[in-house]
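Pasted below: input.txt, compact mmCIF, C-alpha atoms.
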```txt
# COMPACT_ATOMS: atom_id res chain seq x y z
CA MET A 1286 13.93 17.83 -8.90
CA GLU A 1287 14.83 17.79 -5.23
CA ASN A 1288 14.38 14.50 -3.45
CA ILE A 1289 11.41 14.07 -1.19
CA LYS A 1290 12.35 13.07 2.32
CA VAL A 1291 11.08 9.62 3.28
CA ASN A 1292 11.70 7.13 6.08
CA VAL A 1293 12.25 4.05 3.92
CA THR A 1294 12.94 3.59 0.22
CA LEU A 1295 12.07 0.34 -1.53
CA ASP A 1296 13.69 -0.62 -4.82
CA ALA A 1297 11.15 -2.66 -6.81
CA LYS A 1298 12.58 -1.71 -10.19
CA GLY A 1299 12.52 -4.42 -12.84
CA LEU A 1300 9.93 -6.48 -11.00
CA ALA A 1301 6.68 -7.61 -12.60
CA CYS A 1302 3.23 -7.74 -11.05
CA PRO A 1303 2.47 -8.75 -8.32
CA MET A 1304 6.00 -8.37 -6.94
CA PRO A 1305 5.97 -4.59 -6.39
CA ILE A 1306 2.87 -4.99 -4.23
CA VAL A 1307 4.24 -7.99 -2.34
CA LYS A 1308 7.48 -6.11 -1.65
CA THR A 1309 5.59 -2.99 -0.67
CA LYS A 1310 3.57 -4.92 1.86
CA LYS A 1311 6.73 -6.37 3.39
CA ALA A 1312 8.47 -3.01 3.48
CA MET A 1313 5.43 -1.37 5.05
CA ASN A 1314 5.68 -3.79 7.96
CA THR A 1315 9.03 -2.24 8.89
CA LEU A 1316 7.63 1.29 9.16
CA GLU A 1317 6.08 2.90 12.18
CA ALA A 1318 2.62 4.41 11.93
CA GLY A 1319 2.72 7.74 10.15
CA GLN A 1320 6.07 7.15 8.44
CA VAL A 1321 6.54 7.53 4.71
CA LEU A 1322 7.63 4.86 2.23
CA GLU A 1323 8.94 5.52 -1.27
CA VAL A 1324 8.49 2.65 -3.73
CA GLN A 1325 10.53 2.77 -6.92
CA ALA A 1326 9.06 0.60 -9.65
CA THR A 1327 9.21 0.18 -13.40
CA ASP A 1328 6.02 -1.89 -13.66
CA LYS A 1329 3.58 0.53 -15.32
CA GLY A 1330 0.65 -1.23 -13.71
CA SER A 1331 2.03 -0.39 -10.30
CA LYS A 1332 0.60 3.11 -10.35
CA ALA A 1333 -2.98 1.88 -10.27
CA ASP A 1334 -2.11 -1.12 -8.12
CA ILE A 1335 -0.31 0.84 -5.40
CA GLN A 1336 -3.25 3.21 -5.07
CA ALA A 1337 -5.75 0.36 -4.87
CA TRP A 1338 -3.53 -1.49 -2.43
CA ALA A 1339 -3.12 1.53 -0.15
CA ASN A 1340 -6.82 2.16 -0.24
CA SER A 1341 -7.61 -1.42 0.67
CA ALA A 1342 -4.92 -1.73 3.33
CA GLY A 1343 -5.85 1.61 4.91
CA HIS A 1344 -2.63 3.45 4.12
CA GLN A 1345 -2.43 6.93 2.67
CA TYR A 1346 -1.38 7.19 -0.98
CA LEU A 1347 0.40 10.52 -1.41
CA GLY A 1348 1.26 10.46 -5.08
CA THR A 1349 3.56 9.26 -7.81
CA ILE A 1350 6.42 10.98 -9.57
CA GLU A 1351 7.60 9.67 -12.93
CA GLU A 1352 11.27 9.98 -13.68
CA GLY A 1353 11.99 8.43 -17.04
CA ASP A 1354 10.99 4.79 -16.78
CA VAL A 1355 10.91 4.84 -13.01
CA LEU A 1356 7.73 5.44 -11.07
CA LYS A 1357 8.26 6.70 -7.54
CA HIS A 1358 5.24 6.07 -5.38
CA TYR A 1359 4.82 7.69 -1.98
CA LEU A 1360 2.79 6.09 0.78
CA ARG A 1361 2.22 7.01 4.41
CA LYS A 1362 1.58 4.18 6.82
CA SER A 1363 -1.83 4.29 8.44
CA SER A 1364 -2.02 5.87 11.84
CA ASN A 1365 -5.06 6.22 14.00
CA ASP A 1366 -4.35 9.90 14.46
CA SER A 1367 -7.91 10.93 13.71
CA SER A 1368 -9.17 9.16 16.81
CA ILE A 1369 -7.03 11.12 19.26
CA GLU A 1370 -8.88 13.65 21.39
CA ARG A 1371 -7.88 17.19 20.49
CA LYS A 1372 -6.68 19.36 23.35
CA HIS A 1373 -5.47 22.68 21.97
CA PRO A 1374 -8.24 25.15 22.85
CA ASN A 1375 -7.80 27.59 19.99
CA VAL A 1376 -9.38 26.08 16.90
CA THR A 1377 -10.65 27.34 13.59
CA SER A 1378 -12.16 25.89 10.44
CA ASN A 1379 -10.78 25.50 6.94
CA ASP A 1380 -13.22 28.15 5.73
CA GLU A 1381 -12.08 30.73 8.26
CA LEU A 1382 -8.45 30.18 7.32
CA GLU A 1383 -9.27 30.40 3.64
CA LYS A 1384 -11.01 33.77 4.21
CA LYS A 1385 -7.96 35.10 6.03
CA LEU A 1386 -5.67 33.95 3.24
CA ASP A 1387 -7.91 35.48 0.59
CA ALA A 1388 -7.89 38.76 2.51
CA ASN A 1389 -4.06 38.64 2.61
CA GLU A 1390 -4.03 38.94 6.36
CA ASN A 1391 -0.65 38.89 8.02
CA ILE A 1392 -0.64 35.29 9.20
CA VAL A 1393 1.63 32.26 9.06
CA VAL A 1394 0.41 28.85 7.93
CA LEU A 1395 2.45 26.04 9.44
CA ASP A 1396 2.02 22.62 7.79
CA VAL A 1397 3.13 19.84 10.15
CA ARG A 1398 2.56 16.88 7.84
CA GLU A 1399 5.47 14.79 6.54
CA ALA A 1400 7.59 16.39 3.84
CA ALA A 1401 6.23 14.02 1.19
CA GLU A 1402 2.63 14.91 2.00
CA TYR A 1403 3.51 18.58 1.79
CA ALA A 1404 5.34 18.10 -1.50
CA PHE A 1405 2.32 16.74 -3.32
CA ASN A 1406 -0.23 19.26 -2.08
CA HIS A 1407 0.00 22.28 0.21
CA ILE A 1408 -1.38 25.75 0.84
CA PRO A 1409 0.75 28.32 -1.01
CA ASN A 1410 3.47 29.83 1.21
CA ALA A 1411 2.76 27.39 4.04
CA VAL A 1412 5.84 26.63 6.11
CA SER A 1413 6.67 22.91 6.21
CA ILE A 1414 7.90 21.50 9.51
CA PRO A 1415 6.83 17.89 10.18
CA LEU A 1416 5.42 17.27 13.66
CA GLY A 1417 8.45 15.17 14.63
CA GLU A 1418 10.83 18.05 13.90
CA ILE A 1419 8.90 20.87 15.57
CA GLU A 1420 10.92 21.06 18.77
CA GLU A 1421 14.31 21.26 17.11
CA ARG A 1422 13.12 23.79 14.52
CA LEU A 1423 11.25 26.24 16.75
CA SER A 1424 13.79 28.91 15.93
CA GLU A 1425 12.49 29.02 12.36
CA LEU A 1426 9.23 30.39 13.69
CA ASN A 1427 8.33 33.67 15.33
CA LYS A 1428 6.57 33.49 18.70
CA ASP A 1429 4.47 36.56 18.07
CA ASP A 1430 3.11 35.55 14.66
CA GLU A 1431 -0.51 34.61 14.27
CA THR A 1432 0.21 30.98 13.38
CA TYR A 1433 -2.34 28.61 11.83
CA VAL A 1434 -1.30 24.97 12.14
CA VAL A 1435 -2.57 22.47 9.56
CA CYS A 1436 -2.13 18.75 8.97
CA ARG A 1437 -4.37 16.21 7.26
CA THR A 1438 -7.15 15.75 9.82
CA GLY A 1439 -6.42 18.16 12.65
CA SER A 1440 -4.74 15.73 15.06
CA ARG A 1441 -1.06 16.20 14.36
CA SER A 1442 -1.68 19.94 14.13
CA ASP A 1443 -3.29 19.76 17.58
CA LEU A 1444 -0.15 18.19 19.02
CA ALA A 1445 2.01 20.75 17.24
CA ALA A 1446 -0.15 23.63 18.46
CA GLN A 1447 0.21 22.36 22.04
CA LYS A 1448 3.99 22.19 21.63
CA LEU A 1449 4.13 25.72 20.30
CA ALA A 1450 1.93 27.01 23.12
CA GLU A 1451 4.19 25.30 25.67
CA ASN A 1452 7.14 27.08 24.13
CA GLY A 1453 5.74 30.54 24.47
CA PHE A 1454 3.84 30.97 21.21
CA SER A 1455 0.83 33.00 22.24
CA ASN A 1456 -1.24 33.11 19.06
CA VAL A 1457 -1.48 29.58 17.72
CA ILE A 1458 -4.64 28.27 16.08
CA ASN A 1459 -5.31 24.66 15.06
CA VAL A 1460 -7.10 24.34 11.71
CA VAL A 1461 -9.69 21.56 11.65
CA PRO A 1462 -9.98 19.35 9.74
CA GLY A 1463 -7.11 20.55 7.55
CA MET A 1464 -5.81 19.34 4.19
CA SER A 1465 -8.07 16.29 3.89
CA ALA A 1466 -10.96 18.68 3.23
CA TRP A 1467 -9.10 21.74 1.94
CA THR A 1468 -10.85 23.30 -1.05
CA GLY A 1469 -8.87 26.53 -1.24
CA LYS A 1470 -5.80 27.27 -3.30
CA THR A 1471 -2.91 24.82 -3.23
CA ASN A 1472 0.46 24.25 -4.78
CA THR A 1473 0.63 20.74 -6.17
CA LEU A 1474 3.46 18.70 -7.50
CA ASN A 1475 3.31 18.14 -11.22
CA LYS A 1476 2.64 14.41 -11.25
CA MET B 617 -12.02 -7.04 9.04
CA SER B 618 -10.07 -8.82 6.34
CA LYS B 619 -11.75 -10.08 3.23
CA LYS B 620 -11.71 -13.68 2.08
CA VAL B 621 -10.75 -14.81 -1.39
CA ALA B 622 -11.58 -18.35 -2.51
CA ILE B 623 -9.90 -19.67 -5.67
CA ILE B 624 -10.48 -22.90 -7.55
CA ALA B 625 -7.55 -23.98 -9.72
CA SER B 626 -8.65 -26.70 -12.10
CA ASN B 627 -6.23 -26.31 -15.01
CA GLY B 628 -2.58 -27.27 -15.16
CA GLY B 629 -0.83 -25.02 -17.67
CA MET B 630 1.73 -22.35 -17.04
CA PHE B 631 -0.69 -19.53 -17.85
CA ASP B 632 -3.19 -21.01 -15.43
CA ALA B 633 -0.52 -21.06 -12.74
CA TYR B 634 0.27 -17.37 -13.21
CA LYS B 635 -3.38 -16.41 -13.10
CA VAL B 636 -3.90 -18.32 -9.89
CA PHE B 637 -0.73 -17.35 -8.04
CA ASN B 638 -0.58 -13.70 -9.11
CA ILE B 639 -4.10 -13.08 -7.88
CA ALA B 640 -3.46 -15.10 -4.73
CA ASN B 641 -0.25 -13.21 -3.92
CA ALA B 642 -1.77 -9.84 -4.64
CA ALA B 643 -4.73 -10.65 -2.41
CA ALA B 644 -2.51 -11.95 0.38
CA ALA B 645 -0.35 -8.82 0.16
CA THR B 646 -3.53 -6.80 0.61
CA ASP B 647 -4.19 -8.58 3.90
CA GLN B 648 -6.89 -10.82 2.54
CA GLU B 649 -7.37 -14.38 3.66
CA VAL B 650 -6.81 -16.64 0.67
CA ALA B 651 -7.48 -20.33 0.06
CA ILE B 652 -6.90 -22.19 -3.20
CA PHE B 653 -8.58 -25.49 -3.96
CA PHE B 654 -6.50 -27.48 -6.45
CA THR B 655 -8.49 -30.03 -8.38
CA PHE B 656 -7.93 -32.17 -11.48
CA GLU B 657 -5.15 -30.71 -13.65
CA GLY B 658 -4.92 -27.84 -11.17
CA LEU B 659 -2.98 -30.19 -8.89
CA ASN B 660 -0.03 -29.82 -11.29
CA LEU B 661 0.41 -26.29 -9.99
CA ILE B 662 1.58 -27.58 -6.61
CA HIS B 663 3.08 -30.91 -7.70
CA LYS B 664 6.74 -30.98 -6.60
CA ASP B 665 8.04 -31.88 -10.04
CA ALA B 666 5.34 -30.75 -12.42
CA TYR B 667 5.18 -27.17 -11.14
CA LYS B 668 8.77 -26.54 -12.21
CA GLN B 669 7.99 -27.16 -15.87
CA LEU B 670 4.37 -26.40 -16.56
CA PRO B 671 3.47 -26.46 -20.24
CA MET B 672 2.69 -23.35 -22.27
CA PRO B 673 -0.53 -23.55 -24.24
CA GLU B 674 0.08 -25.09 -27.65
CA GLY B 675 1.19 -22.52 -30.18
CA LYS B 676 2.02 -19.96 -27.46
CA GLU B 677 5.52 -21.21 -26.72
CA HIS B 678 7.02 -18.01 -28.11
CA PHE B 679 5.78 -16.19 -25.00
CA ALA B 680 8.61 -17.82 -23.05
CA GLU B 681 10.83 -14.97 -24.14
CA GLY B 682 8.30 -12.41 -22.99
CA PHE B 683 8.16 -14.02 -19.56
CA ALA B 684 11.93 -13.81 -19.31
CA ASN B 685 12.05 -10.19 -20.48
CA ALA B 686 9.33 -9.07 -18.11
CA ASN B 687 11.28 -10.59 -15.23
CA VAL B 688 8.28 -12.59 -14.08
CA PRO B 689 9.09 -14.82 -11.09
CA ALA B 690 9.13 -18.59 -11.65
CA ILE B 691 6.10 -20.53 -10.43
CA PRO B 692 7.95 -22.20 -7.53
CA GLU B 693 8.91 -18.72 -6.27
CA LEU B 694 5.33 -17.55 -6.44
CA VAL B 695 4.19 -20.69 -4.61
CA ALA B 696 6.73 -20.16 -1.84
CA MET B 697 5.76 -16.51 -1.55
CA ALA B 698 2.08 -17.33 -1.33
CA GLN B 699 2.69 -19.87 1.41
CA GLU B 700 4.88 -17.43 3.29
CA MET B 701 2.03 -14.93 3.28
CA GLY B 702 -0.38 -17.50 4.62
CA VAL B 703 -2.26 -18.57 1.51
CA LYS B 704 -3.93 -21.89 2.26
CA PHE B 705 -3.52 -24.68 -0.31
CA ILE B 706 -6.10 -27.43 -0.37
CA GLY B 707 -5.48 -30.46 -2.59
CA CYS B 708 -8.52 -32.36 -3.80
CA GLN B 709 -8.51 -35.81 -2.25
CA MET B 710 -10.72 -37.32 -4.90
CA THR B 711 -8.46 -36.20 -7.75
CA MET B 712 -5.43 -37.50 -5.90
CA ASP B 713 -7.10 -40.88 -5.53
CA VAL B 714 -8.04 -40.98 -9.19
CA MET B 715 -4.51 -40.05 -10.28
CA GLY B 716 -2.83 -42.28 -7.73
CA LEU B 717 -0.98 -39.42 -6.02
CA GLU B 718 -0.05 -39.10 -2.36
CA LYS B 719 0.23 -35.94 -0.28
CA ASP B 720 4.04 -36.14 -0.33
CA SER B 721 4.06 -35.65 -4.10
CA PHE B 722 3.13 -32.05 -3.46
CA VAL B 723 4.84 -29.00 -1.97
CA GLU B 724 5.06 -28.91 1.82
CA GLY B 725 2.28 -27.46 3.86
CA ILE B 726 -0.78 -28.30 1.81
CA GLU B 727 -4.00 -29.54 3.28
CA VAL B 728 -5.89 -32.34 1.65
CA GLY B 729 -9.62 -32.30 1.65
CA GLY B 730 -12.79 -32.83 -0.25
CA ALA B 731 -15.16 -30.41 -1.85
CA VAL B 732 -16.77 -29.64 1.49
CA THR B 733 -13.47 -28.45 2.94
CA PHE B 734 -13.29 -25.83 0.26
CA LEU B 735 -16.97 -24.97 0.40
CA GLU B 736 -16.69 -24.39 4.11
CA PHE B 737 -14.05 -21.74 3.44
CA ALA B 738 -15.80 -20.34 0.38
CA LYS B 739 -19.27 -20.00 1.83
CA ASP B 740 -18.56 -16.57 3.29
CA ALA B 741 -15.84 -15.51 0.86
CA ASP B 742 -16.03 -12.00 -0.55
CA VAL B 743 -14.43 -13.00 -3.84
CA THR B 744 -14.58 -16.40 -5.52
CA LEU B 745 -12.57 -17.13 -8.64
CA THR B 746 -12.25 -20.15 -10.88
CA PHE B 747 -9.27 -20.78 -13.11
```

Using structure tokens, write down the structure from this file.
Amino acid sequence: MENIKVNVTLDAKGLACPMPIVKTKKAMNTLEAGQVLEVQATDKGSKADIQAWANSAGHQYLGTIEEGDVLKHYLRKSSNDSSIERKHPNVTSNDELEKKLDANENIVVLDVREAAEYAFNHIPNAVSIPLGEIEERLSELNKDDETYVVCRTGSRSDLAAQKLAENGFSNVINVVPGMSAWTGKTNTLNK
Amino acid sequence: MSKKVAIIASNGGMFDAYKVFNIANAAAATDQEVAIFFTFEGLNLIHKDAYKQLPMPEGKEHFAEGFANANVPAIPELVAMAQEMGVKFIGCQMTMDVMGLEKDSFVEGIEVGGAVTFLEFAKDADVTLTF
């Protein structure tokens, strides 16, 4: 399987409870809000513990991949991105996007979450370009496409939609709230 | 708003030490405020010499191998880790008097207090545990 892109990787292999959690906490302190941490552990209890820990500490648990004896957990550091005021004027709902997808309309879905978030769960055929990479990867997109931008809660996609509009994209729509409440079809990673 | 975890450690065996310090470390790593009140045999868990060689329960000595295989940290490591993460240790003054122990017999950084010191912390704790 291809590697999932992360900001920091923590090796907690061979450590017993509660060490994977203690190390995860320390590693998380080195990340910036919104960045992704991969924790490699062999403690089988870590799967439940990491989820509970993330939940309690307010971080986003993305998922776990098992490779032999090694559990790779993916976490995204909490960010207060849901509290930012949205500015892009052209907005639609999850339901409206789902209808367009079901009708096979000629649209592009751009997912601006981190690669690890995308890997675990995304709308089929969505294009993955994390918010932080948008400017350098504009050439991968077509300015005339009807482009629906999604993230988890609608905030990062708002910023991305503004960037696209500034760069001459005329038909950009922010999807709110986005993947946190998405009930339509998805491609998920086999966990 | 962080949660508070209040732990009473009143037994002095190796298993007791793991129960106390694993929970305390896990709680501290989850940004919870933790205090442990060490009383009676529980004081062994932070005694400078005793905590390096805490006894296994009788008849359970064969678990020593399991501890080694599972790569479980030694108690002094767990103690240091807990202190580094801000877990508060309170030694029971009354027990120390009874056993003729002074504060300098214990690891650095402990507080010494009576039952009320602990109760003051525990009165609004979200989780209270006794080991």

Please list, as a short mmCIF file (atom, residue, chain, number, x, y, z; two decimals) with C-alpha atoms, in the frame of the given file, the residues that have an atom at most 12 Å away from (-0.9, -26.9, -11.0) in the coordinates of this file, counting only C-alpha atoms.
```cif
data_model
loop_
_atom_site.label_atom_id
_atom_site.label_comp_id
_atom_site.auth_asym_id
_atom_site.auth_seq_id
_atom_site.Cartn_x
_atom_site.Cartn_y
_atom_site.Cartn_z
CA ILE B 624 -10.48 -22.90 -7.55
CA ALA B 625 -7.55 -23.98 -9.72
CA SER B 626 -8.65 -26.70 -12.10
CA ASN B 627 -6.23 -26.31 -15.01
CA GLY B 628 -2.58 -27.27 -15.16
CA GLY B 629 -0.83 -25.02 -17.67
CA MET B 630 1.73 -22.35 -17.04
CA PHE B 631 -0.69 -19.53 -17.85
CA ASP B 632 -3.19 -21.01 -15.43
CA ALA B 633 -0.52 -21.06 -12.74
CA TYR B 634 0.27 -17.37 -13.21
CA LYS B 635 -3.38 -16.41 -13.10
CA VAL B 636 -3.90 -18.32 -9.89
CA PHE B 637 -0.73 -17.35 -8.04
CA ILE B 652 -6.90 -22.19 -3.20
CA PHE B 653 -8.58 -25.49 -3.96
CA PHE B 654 -6.50 -27.48 -6.45
CA THR B 655 -8.49 -30.03 -8.38
CA PHE B 656 -7.93 -32.17 -11.48
CA GLU B 657 -5.15 -30.71 -13.65
CA GLY B 658 -4.92 -27.84 -11.17
CA LEU B 659 -2.98 -30.19 -8.89
CA ASN B 660 -0.03 -29.82 -11.29
CA LEU B 661 0.41 -26.29 -9.99
CA ILE B 662 1.58 -27.58 -6.61
CA HIS B 663 3.08 -30.91 -7.70
CA LYS B 664 6.74 -30.98 -6.60
CA ASP B 665 8.04 -31.88 -10.04
CA ALA B 666 5.34 -30.75 -12.42
CA TYR B 667 5.18 -27.17 -11.14
CA LYS B 668 8.77 -26.54 -12.21
CA GLN B 669 7.99 -27.16 -15.87
CA LEU B 670 4.37 -26.40 -16.56
CA PRO B 671 3.47 -26.46 -20.24
CA ILE B 691 6.10 -20.53 -10.43
CA PRO B 692 7.95 -22.20 -7.53
CA VAL B 695 4.19 -20.69 -4.61
CA PHE B 705 -3.52 -24.68 -0.31
CA ILE B 706 -6.10 -27.43 -0.37
CA GLY B 707 -5.48 -30.46 -2.59
CA CYS B 708 -8.52 -32.36 -3.80
CA PHE B 722 3.13 -32.05 -3.46
CA VAL B 723 4.84 -29.00 -1.97
CA PHE B 747 -9.27 -20.78 -13.11
#
```

Closest pair table for chain A residues within 10 Å of chain B, all atoms listed in the file, as CSV:
```
residue,atom,partner,partner_atom,distance
A:Gly1299,CA,B:Asn687,CA,6.7
A:Leu1300,CA,B:Asn687,CA,6.1
A:Ala1301,CA,B:Val688,CA,5.4
A:Cys1302,CA,B:Asn638,CA,7.3
A:Pro1303,CA,B:Ala642,CA,5.7
A:Met1304,CA,B:Ala642,CA,8.2
A:Pro1305,CA,B:Ala642,CA,9.5
A:Ile1306,CA,B:Ala645,CA,6.7
A:Val1307,CA,B:Ala645,CA,5.3
A:Lys1308,CA,B:Ala645,CA,8.5
A:Thr1309,CA,B:Ala645,CA,8.4
A:Lys1310,CA,B:Ala645,CA,5.8
A:Lys1311,CA,B:Ala645,CA,8.2
A:Asp1328,CA,B:Ala686,CA,9.1
A:Asp1334,CA,B:Ala642,CA,9.4
A:Ala1337,CA,B:Thr646,CA,9.3
A:Trp1338,CA,B:Thr646,CA,6.1
A:Ala1339,CA,B:Thr646,CA,8.4
A:Asn1340,CA,B:Thr646,CA,9.6
A:Ser1341,CA,B:Thr646,CA,6.8
A:Ala1342,CA,B:Thr646,CA,5.9
A:Gly1343,CA,B:Thr646,CA,9.7
```

With all atoms listed in the file as the counted atoms, please give the residues lying no more than 12 Å from Asp740 of chain B, apart from itself and same-chain residues fewer than 4 positions off, as a PyMOL selection string. chain B and resi 618-622+649+734-736+744

Which is closer to Gly1439 of chain A than all the others in A:Ser1455, A:His1373, A:Thr1471, A:Glu1418, using all atoms listed in the file?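 Counting all atoms listed in the file, the residue closest to Gly1439 of chain A is A:His1373.
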
Box for segment 681-695 of chain B - axis-aligned, 8 Å on each of the six sides, all listed atoms - centre and size in Å to one decimal, as lines of an AutoDock Vina configuration file.
```
center_x = 8.1
center_y = -15.6
center_z = -14.4
size_x = 23.9
size_y = 29.1
size_z = 35.5
```

Near-segment 1385-1390 of chain A list (10 Å; only C-alpha atoms; drop same-chain fewer than 5 positions) as a ChimeraX atom specification: /A:1380,1408-1409,1431,1469-1470

Leaving out Leu1395 of chain A and any residue of its chain fewer than 6 positions from it, which residues lie within 6 Å of it when counting only C-alpha atoms, given as a compact mmCIF listing (two decimals) with C-alpha atoms, in the coordinates of the input?
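Result file selection-v7.txt:
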```txt
# COMPACT_ATOMS: atom_id res chain seq x y z
CA ALA A 1411 2.76 27.39 4.04
CA VAL A 1412 5.84 26.63 6.11
CA TYR A 1433 -2.34 28.61 11.83
CA VAL A 1434 -1.30 24.97 12.14
```

Atom pair atom CA of Ala696 of chain B / atom CA of Met672 of chain B: separation (Å):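 Pair atom CA of Ala696 of chain B / atom CA of Met672 of chain B returns 21.1 Å.
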
Name all residues at most 10 Å from Ile1350 of chain A (count all atoms listed in the file; drop same-chain ones fewer than 3 positions away) and give them as JSON, numbers by chain. {"A": [1325, 1332, 1353, 1355, 1356, 1357, 1358, 1359, 1405, 1474, 1475, 1476]}

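Note that atom CA of Glu1351 of chain A and atom CA of Asn1292 of chain A are 19.6 Å apart.
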
What is the distance, in Å and to one decimal place, between atom CA of Arg1437 of chain A and atom CA of Asn1288 of chain A?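 Calculated distance between atom CA of Arg1437 of chain A and atom CA of Asn1288 of chain A is 21.7 Å.
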
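Residues in contact with Gly1417 of chain A at up to 9 Å, not including ones fewer than 5 positions away on its chain and judged by all atoms listed in the file, are Val1397, Glu1399 and Ala1445 of chain A.
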